[in-house]
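Down below is the structure, laid out as structure tokens.
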Amino acid sequence: MATNESESHPSASAETKTYSTRRDFLLQVGVVVNTIAGFMIGVPVVGYILSSLIKSTPPVWFSLGPVSKFQEGAMRMAVFENPYRREADGQTARLTCWVRRIQGDQFKVFAANCTHLGCPVRWFEESQLFLCPCHGGAFYADGEHAAGPPPRGLYVYEHKVENGELQIKAGVLPTLAGPFA
Amino acid sequence: MQARTLYSILLFGGLGFLCGCDRLPGKPKEEDRWKPPSEIKDFALLFNTNCRGCHSNGQTLSASISMNNPPYLAVVPKEVMHKTIETGIPGTQMPTYSDKAGGSLTEEQVNILVEGIYNWAKGHEAPTDNLPPYSAALGDAERGKAVFAQACASCHGSGGEGTKGKGGAVDKAYLSLVSDQYLRTVVIVGRPELGMPGFREYVPGKPMTGEEISDVVSWLASRREGPAPGQSAKTAEIAPKTQPSTPNE
Amino acid sequence: MSAKDRPITSSLVNIAMWVERRLHLVKIWKATAGHPIPKSSASWFYTFGSMTLLCFTIQILTGILLALVYVPSANEAYRSLLFLNYQQELGWFLRAMHYWGSNCMVVIVFFHMTQVFLWGAYKHPRELTWISGVVLLFLTLALSFTGQVMRFDSDAYWGIGIGAAISGRIPIIGAQVVNLLLGGPIIGSDTLSRFFALHVFVLPGAVIALVSLHLRLVLLKGINEYPTPGIQVHKGTYWRNYEEMLHKDGMPFVPNGIGKDLVANGVLLLVMVALAVFVGPKGPEIPADPAQVISEAKPDYPFLWLLSAAALLPNGSEVILFFVVPLIAVILLIGLPFFSNVGEKHYSRRPVSILVVMLTYLTIGLLTYAGITGPWSPRMEAWSGTPTKPQFITGRSPVELQGALLLQGKQCRNCHSVGGEGGQRGPDLSAVGARMNQPQLIRQVIQGGGNMPAYGNTLTPQEVNALVSYLVSLRPINTIPALNPAIPEKAERVSSGEPTKGAKTGG
């Protein structure tokens, strides 16, 4: 290296210009190539991170089992497997709702998530109330807000009876921004 | 030298620490491990979480009948106890406990409760001579009124309206909230812890007979206005309702 | 004996010198551990920074060891925690160290910040040191929160649920934020995985980067001298004075200034080990199974005050509490060195700073205490499991006893205590008969109000009668029942806004 440098030294002034434009050129090419590559990596990365937003996961219809499972006039907890479940979800794939069979095919299905901060509400048959263990939100048997901090009544799942089976439209965590609000 | 002593203390202390860590208080114990509520098999825990709100375990008083109660357990058949815990008593505050009917306890847990409750009476069995049957048809209300005047009036007043410090037995709200069977059971075993003795002691030396008990219950039942709990178109039925009504009384 | 007499020693010295000539360790040492500090800075109050660093180191070490066993999958996480607790040799101890190390870190970061604030160390020219510290505070809290999610039990599950419910309140983009937080439509394996990635890679990486910056700034801008009341910071002269002070009255941090740090850190380590050994790890409690609707979802200590604030503030203020308040806090904290850049450093000349610290500690302390007791949470088992004290049973008539049964059976005691036992959500009923008369009680039971549901449709008239006659009997001996409406209007005036206090007057 040292010998090379000393050899090219005499013509330094002439060489510097071309050398420098070549440097500039390489710099520019380098920036352009890396920018393109950066986009090619960056866009998929952002897409990957935001994939849960891009992929649409609306509530879907599925069965809670035969209508006869639910006693008339009673409120029962129903546990169902989330339709979007994956193997690794384990127990968290289960979701809970409260089913009230008013009579015949007349039902009302409530999400178990409190409308205040999403804690699981529990039905008390004796006082005919849903109570939330977190901040004491209370709801009447028809899901209407009874007391406490929740801003509205319980989330209600759409339902229908088909072939003697109770079907509901669910599978998405209910929040105030969600599809059940 | 001092440094060497210090280091050997540290070394052996550390070794001892490692060996002793099976007994350290912070080590999670197997019994602290979470169990699903349906796996709880401990009678005391089951009783304390499900029953003690209303039924004493014999250590304190309770609004309803104490379960650590040999005279009571001598009268009530086990099957009745089992059935009562499973399905509750409609129209009263005794709720359903069987998980088959919307309650929270498994068959096995109900069995544990029944056995545990009857175990309380083991070794303290109440005398069973002259014991009236647990249930019987209602008797004659007119005769019952006379029995009441003789056996109960000293505390409850001649008409059942109550004396000072003792409650009225014919309060309309009271009678509408208790079943005939409850009245019968209470007449038989009393509430000794609250000052009401059992059927042997209302009239000193003369236990009440089964017939007298039926009569007195029938008189009390005749004073009830409206149906007994759980026997009619219940007013507390789950009528589909939305907003709380706003009574103007 | 000189080195030359011993060939081994002399060759060791040669090796050391060879390494030194290549790595220039002495130079690095002098620029870092051996950097000069003002003598006054070797104070017990100045030990919190190194203690925080110790906590973080412990977290990294125990965290790596836990990651050897922990399985970050919704299906396996709970079981791998049980394995750590019960099967893995000393797994419980490492879990406990990691848990208590995290709590200690949050507390000590907070102390460190308080000290820096009170001693005026954030002032010129150490603004950036403070700002990097503020970011580190939030990173620490984020680590603490994501760490709770790793303990994948029902607290974690419903904790994320609460996070989702709060995010769902953000106007317009709420649904998108919820989806991004959960990584899918529900709380599941994707949710745990993304919290795992944050907790194990992103956040610790960010902390390491920022700690490096923080320490670099401490070296570049010097450790704060112990402030003297009356001495002002002037932008033009401060640095010259500081360098003069170092020159005249400085000493190397190692070995002269590190003694107190070593002692404090040793004590802290012992405290952490003691907590781990005697208190042990936390949970895992109820599994993250949505079908177990028995959970209360309480966060760990560092976030209890937030839970309390959410419970105590008026309804509908959640968005303000969780988004506007933190934003203001961030602006105030980052802006602090610019609002008060020069002037007095010593706290005795800055009474407002003392007031701010006292108010902050009082607020957070009281809210945390409230969070531990959780008076706003109904006791879900009280109705069937909480007995009534004898003085509330004896001397009652049959109908009053039926009323007492109704008070249990209708779940009243989940919210109301009698004799101090039962829920604290509503007012204690031990002496309600002296406060309210029969018509008031009937109206309250039937119509509800003041955070109490209306029972008009669930109780029969006879049940109301029995219940109210028992309530009337609940009053101190020898007092008469409340005659006149003692608080006639209040019961209706109470807004549903204040959970505990409102219910106290409303009944």
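To be explicit about the labels: the chains of the structure tokens are called A, B, and onward in the order shown, and within each one the residues are counted from 1, while ligands get numbers from 1 in the order they are shown.
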Practice task
Taking only C-alpha atoms into account, report as a list in words which residues of chain B lie within 6 Å of chain C.
Solution key: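 Residues passing the distance filter: Pro25, Gly26, Lys27, Trp34, Asn48, Thr49, Asn50, Cys51, Arg52, Gly53, Leu61, Ala63, Gln93, Gly167, Ala173, Tyr174, Thr235, Ala236 and Pro244 of chain B.
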Restricting it to C-alpha atoms, dump the selection as a PDB file, in the first residue's frame.
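Written out: again19.pdb:
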```
ATOM      1  CA  PRO B  25     -40.310 -20.082  53.966  1.00  0.00           C
ATOM      2  CA  GLY B  26     -40.464 -18.519  50.508  1.00  0.00           C
ATOM      3  CA  LYS B  27     -40.414 -21.829  48.691  1.00  0.00           C
ATOM      4  CA  TRP B  34     -54.006 -23.200  42.794  1.00  0.00           C
ATOM      5  CA  ASN B  48     -66.797 -21.720  55.285  1.00  0.00           C
ATOM      6  CA  THR B  49     -67.099 -20.433  51.744  1.00  0.00           C
ATOM      7  CA  ASN B  50     -70.556 -21.756  50.917  1.00  0.00           C
ATOM      8  CA  CYS B  51     -72.602 -22.147  54.077  1.00  0.00           C
ATOM      9  CA  ARG B  52     -71.258 -20.078  56.925  1.00  0.00           C
ATOM     10  CA  GLY B  53     -72.870 -16.851  55.795  1.00  0.00           C
ATOM     11  CA  LEU B  61     -74.423 -17.369  65.985  1.00  0.00           C
ATOM     12  CA  ALA B  63     -79.378 -16.037  61.251  1.00  0.00           C
ATOM     13  CA  GLN B  93     -82.791 -17.861  50.809  1.00  0.00           C
ATOM     14  CA  GLY B 167     -90.181 -11.811  68.420  1.00  0.00           C
ATOM     15  CA  ALA B 173     -93.616 -11.039  56.348  1.00  0.00           C
ATOM     16  CA  TYR B 174     -91.995 -13.767  58.435  1.00  0.00           C
ATOM     17  CA  THR B 235     -93.590 -12.874  42.851  1.00  0.00           C
ATOM     18  CA  ALA B 236     -89.826 -12.959  42.745  1.00  0.00           C
ATOM     19  CA  PRO B 244     -86.240  -0.458  37.868  1.00  0.00           C
TER      20      PRO B 244
END
```
Can you list every residue of chain A that has an atom at most 12 Å from chain B, with its nearest atom pair and the distance in Å to one decimal, using only C-alpha atoms, ordered by chain then number, as JSON lines?
```
{"residue": "A:Lys69", "atom": "CA", "partner": "B:Lys100", "partner_atom": "CA", "distance": 10.9}
{"residue": "A:Phe70", "atom": "CA", "partner": "B:Gly102", "partner_atom": "CA", "distance": 10.3}
{"residue": "A:Gln71", "atom": "CA", "partner": "B:Ala101", "partner_atom": "CA", "distance": 9.0}
{"residue": "A:Glu72", "atom": "CA", "partner": "B:Ile238", "partner_atom": "CA", "distance": 10.5}
{"residue": "A:Gly73", "atom": "CA", "partner": "B:Ile238", "partner_atom": "CA", "distance": 6.9}
{"residue": "A:Ala74", "atom": "CA", "partner": "B:Ile238", "partner_atom": "CA", "distance": 8.4}
{"residue": "A:Met75", "atom": "CA", "partner": "B:Gly102", "partner_atom": "CA", "distance": 8.1}
{"residue": "A:Arg76", "atom": "CA", "partner": "B:Gly102", "partner_atom": "CA", "distance": 6.7}
{"residue": "A:Met77", "atom": "CA", "partner": "B:Gly102", "partner_atom": "CA", "distance": 8.6}
{"residue": "A:Ala78", "atom": "CA", "partner": "B:Gly102", "partner_atom": "CA", "distance": 11.3}
{"residue": "A:Trp98", "atom": "CA", "partner": "B:Gly102", "partner_atom": "CA", "distance": 11.9}
{"residue": "A:Val99", "atom": "CA", "partner": "B:Gly102", "partner_atom": "CA", "distance": 11.9}
{"residue": "A:Arg100", "atom": "CA", "partner": "B:Pro240", "partner_atom": "CA", "distance": 10.6}
{"residue": "A:Arg101", "atom": "CA", "partner": "B:Pro240", "partner_atom": "CA", "distance": 10.8}
{"residue": "A:Ile102", "atom": "CA", "partner": "B:Pro240", "partner_atom": "CA", "distance": 7.7}
{"residue": "A:Gln103", "atom": "CA", "partner": "B:Pro240", "partner_atom": "CA", "distance": 10.3}
{"residue": "A:Gln106", "atom": "CA", "partner": "B:Pro240", "partner_atom": "CA", "distance": 11.5}
{"residue": "A:Phe107", "atom": "CA", "partner": "B:Pro240", "partner_atom": "CA", "distance": 11.5}
{"residue": "A:Lys108", "atom": "CA", "partner": "B:Pro240", "partner_atom": "CA", "distance": 11.1}
{"residue": "A:Trp123", "atom": "CA", "partner": "B:Gly102", "partner_atom": "CA", "distance": 10.2}
{"residue": "A:Phe124", "atom": "CA", "partner": "B:Gly103", "partner_atom": "CA", "distance": 10.0}
{"residue": "A:Glu125", "atom": "CA", "partner": "B:Pro95", "partner_atom": "CA", "distance": 8.5}
{"residue": "A:Glu126", "atom": "CA", "partner": "B:Pro95", "partner_atom": "CA", "distance": 7.2}
{"residue": "A:Ser127", "atom": "CA", "partner": "B:Ala236", "partner_atom": "CA", "distance": 9.9}
{"residue": "A:Gln128", "atom": "CA", "partner": "B:Ile238", "partner_atom": "CA", "distance": 7.8}
{"residue": "A:Leu129", "atom": "CA", "partner": "B:Ile238", "partner_atom": "CA", "distance": 11.1}
{"residue": "A:Phe139", "atom": "CA", "partner": "B:Thr242", "partner_atom": "CA", "distance": 10.6}
{"residue": "A:Tyr140", "atom": "CA", "partner": "B:Thr242", "partner_atom": "CA", "distance": 7.7}
{"residue": "A:Ala141", "atom": "CA", "partner": "B:Pro240", "partner_atom": "CA", "distance": 7.9}
{"residue": "A:Asp142", "atom": "CA", "partner": "B:Thr242", "partner_atom": "CA", "distance": 6.4}
{"residue": "A:Gly143", "atom": "CA", "partner": "B:Thr242", "partner_atom": "CA", "distance": 8.7}
{"residue": "A:Glu144", "atom": "CA", "partner": "B:Thr242", "partner_atom": "CA", "distance": 7.1}
{"residue": "A:His145", "atom": "CA", "partner": "B:Gln243", "partner_atom": "CA", "distance": 9.3}
{"residue": "A:Ala146", "atom": "CA", "partner": "B:Gln243", "partner_atom": "CA", "distance": 8.7}
{"residue": "A:Ala147", "atom": "CA", "partner": "B:Pro244", "partner_atom": "CA", "distance": 11.5}
{"residue": "A:Gly153", "atom": "CA", "partner": "B:Thr242", "partner_atom": "CA", "distance": 11.2}
```
Exercise for the section: Give as a PyMOL selection string every residue of chain C that touches chain A within 7 Å, counting only C-alpha atoms. Expected result: chain C and resi 73-75+158+161-162+165-166+168-169+174-176+179-180+183-189+288-291+293+296-297+311+315+376-378+380+409-411+425+451-453+458+496+499
Handout entry: DSSP alpha helix (DSSP H) selection over segment 12-155 of chain B, as a count of residues only
Key = 61
Problem - Which of segment 220-369 of chain C fall in strand (DSSP E or B), as a ChimeraX atom specification - result: /C:232-233,250-252,287,343-344
Using C-alpha atoms, can you write the selected residues to a file as a compact mmCIF listing (two decimals), in the first residue's frame?
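Resulting contents of again-v6.txt:
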```txt
# COMPACT_ATOMS: atom_id res chain seq x y z
CA GLN C 232 -26.38 29.58 42.16
CA VAL C 233 -25.93 27.82 38.84
CA GLY C 250 -11.57 15.93 43.46
CA MET C 251 -10.83 12.26 43.92
CA PRO C 252 -11.14 9.20 41.72
CA PRO C 287 -54.65 -20.01 35.21
CA GLY C 343 -30.33 29.06 39.97
CA GLU C 344 -30.41 27.39 43.35
```
Practice task
Go through B:Ala121, B:Leu220, B:Met208, B:Ile213 and flag the residue nearest Glu161 of chain B, using only C-alpha atoms for the distances.
Solution key: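 Under the stated criterion, the closest residue is B:Leu220.
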Practice task
With a distance cut-off of 8 Å and only C-alpha atoms, select the neighbouring residues of Phe148 of chain B, excluding the residue or stretch itself and same-chain residues fewer than 3 positions from it, and output the selection as a PyMOL selection string.
Solution key: chain B and resi 144-145+151-153+158+160+216
Practice task
Pick out the residues sitting within 10 Å of Tyr182 of chain B, and hand them over as a VMD selection string; count only C-alpha atoms, and ignore anything fewer than 4 positions along from it in its own chain.
Solution key: chain B and resid 65 135 177 to 178 186 to 188 217
Practice task
May I ask which of the residues C:Gly163, C:Pro125, C:Gly316, C:Gly101 is the closest one to Tyr242 of chain C, counting only C-alpha atoms?
Solution key: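 Between C:Gly163, C:Pro125, C:Gly316, C:Gly101, the residue approaching Tyr242 of chain C most closely is C:Pro125.
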Exercise for the section: In Å, rounded to a single decimal, give me how far atom CA of Lys298 of chain C is from atom CA of Ser154 of chain C. Expected result: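 A separation of 9.3 Å between them.
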Exercise for the section: List the neighbours of Leu105 of chain B out to 10 Å using only C-alpha atoms; skip same-chain residues closer than 6 positions along the sequence, and give me the result as a PyMOL selection string. Expected result: chain B and resi 37-40+46+50+85-86+96-99+111+113
Write the residues you've just listed into a file as a PDB file, in the first residue's frame, and include N, CA and C atoms for each of them.
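The file below, out-v7.pdb, is the result:
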```pdb
ATOM      1  N   PRO B  37     -61.929 -24.598  41.667  1.00  0.00           N
ATOM      2  CA  PRO B  37     -62.874 -24.679  42.791  1.00  0.00           C
ATOM      3  C   PRO B  37     -63.538 -26.045  42.876  1.00  0.00           C
ATOM      4  N   SER B  38     -63.695 -26.728  41.748  1.00  0.00           N
ATOM      5  CA  SER B  38     -64.365 -28.029  41.788  1.00  0.00           C
ATOM      6  C   SER B  38     -63.474 -29.102  42.400  1.00  0.00           C
ATOM      7  N   GLU B  39     -62.200 -28.786  42.606  1.00  0.00           N
ATOM      8  CA  GLU B  39     -61.270 -29.775  43.172  1.00  0.00           C
ATOM      9  C   GLU B  39     -61.126 -29.621  44.685  1.00  0.00           C
ATOM     10  N   ILE B  40     -61.780 -28.625  45.249  1.00  0.00           N
ATOM     11  CA  ILE B  40     -61.643 -28.415  46.691  1.00  0.00           C
ATOM     12  C   ILE B  40     -62.391 -29.523  47.425  1.00  0.00           C
ATOM     13  N   LEU B  46     -64.983 -25.812  52.322  1.00  0.00           N
ATOM     14  CA  LEU B  46     -66.248 -25.802  51.580  1.00  0.00           C
ATOM     15  C   LEU B  46     -67.346 -25.172  52.423  1.00  0.00           C
ATOM     16  N   ASN B  50     -69.220 -21.618  51.506  1.00  0.00           N
ATOM     17  CA  ASN B  50     -70.556 -21.756  50.917  1.00  0.00           C
ATOM     18  C   ASN B  50     -71.706 -21.653  51.911  1.00  0.00           C
ATOM     19  N   ILE B  85     -79.222 -29.218  49.882  1.00  0.00           N
ATOM     20  CA  ILE B  85     -78.019 -28.529  49.415  1.00  0.00           C
ATOM     21  C   ILE B  85     -77.995 -28.513  47.882  1.00  0.00           C
ATOM     22  N   GLU B  86     -78.380 -29.626  47.294  1.00  0.00           N
ATOM     23  CA  GLU B  86     -78.318 -29.700  45.830  1.00  0.00           C
ATOM     24  C   GLU B  86     -79.258 -28.717  45.159  1.00  0.00           C
ATOM     25  N   THR B  96     -79.538 -22.914  45.237  1.00  0.00           N
ATOM     26  CA  THR B  96     -79.137 -24.160  44.587  1.00  0.00           C
ATOM     27  C   THR B  96     -77.620 -24.261  44.606  1.00  0.00           C
ATOM     28  N   TYR B  97     -77.088 -25.423  44.983  1.00  0.00           N
ATOM     29  CA  TYR B  97     -75.633 -25.554  44.965  1.00  0.00           C
ATOM     30  C   TYR B  97     -75.135 -26.537  43.919  1.00  0.00           C
ATOM     31  N   SER B  98     -76.013 -27.420  43.436  1.00  0.00           N
ATOM     32  CA  SER B  98     -75.537 -28.436  42.495  1.00  0.00           C
ATOM     33  C   SER B  98     -75.138 -27.793  41.175  1.00  0.00           C
ATOM     34  N   ASP B  99     -73.969 -28.177  40.681  1.00  0.00           N
ATOM     35  CA  ASP B  99     -73.527 -27.586  39.420  1.00  0.00           C
ATOM     36  C   ASP B  99     -74.412 -28.037  38.261  1.00  0.00           C
ATOM     37  N   ASN B 111     -71.564 -34.201  48.779  1.00  0.00           N
ATOM     38  CA  ASN B 111     -71.403 -35.348  49.688  1.00  0.00           C
ATOM     39  C   ASN B 111     -70.458 -35.013  50.832  1.00  0.00           C
ATOM     40  N   LEU B 113     -69.856 -32.135  52.081  1.00  0.00           N
ATOM     41  CA  LEU B 113     -70.548 -31.228  53.004  1.00  0.00           C
ATOM     42  C   LEU B 113     -71.484 -32.009  53.913  1.00  0.00           C
TER      43      LEU B 113
END
```
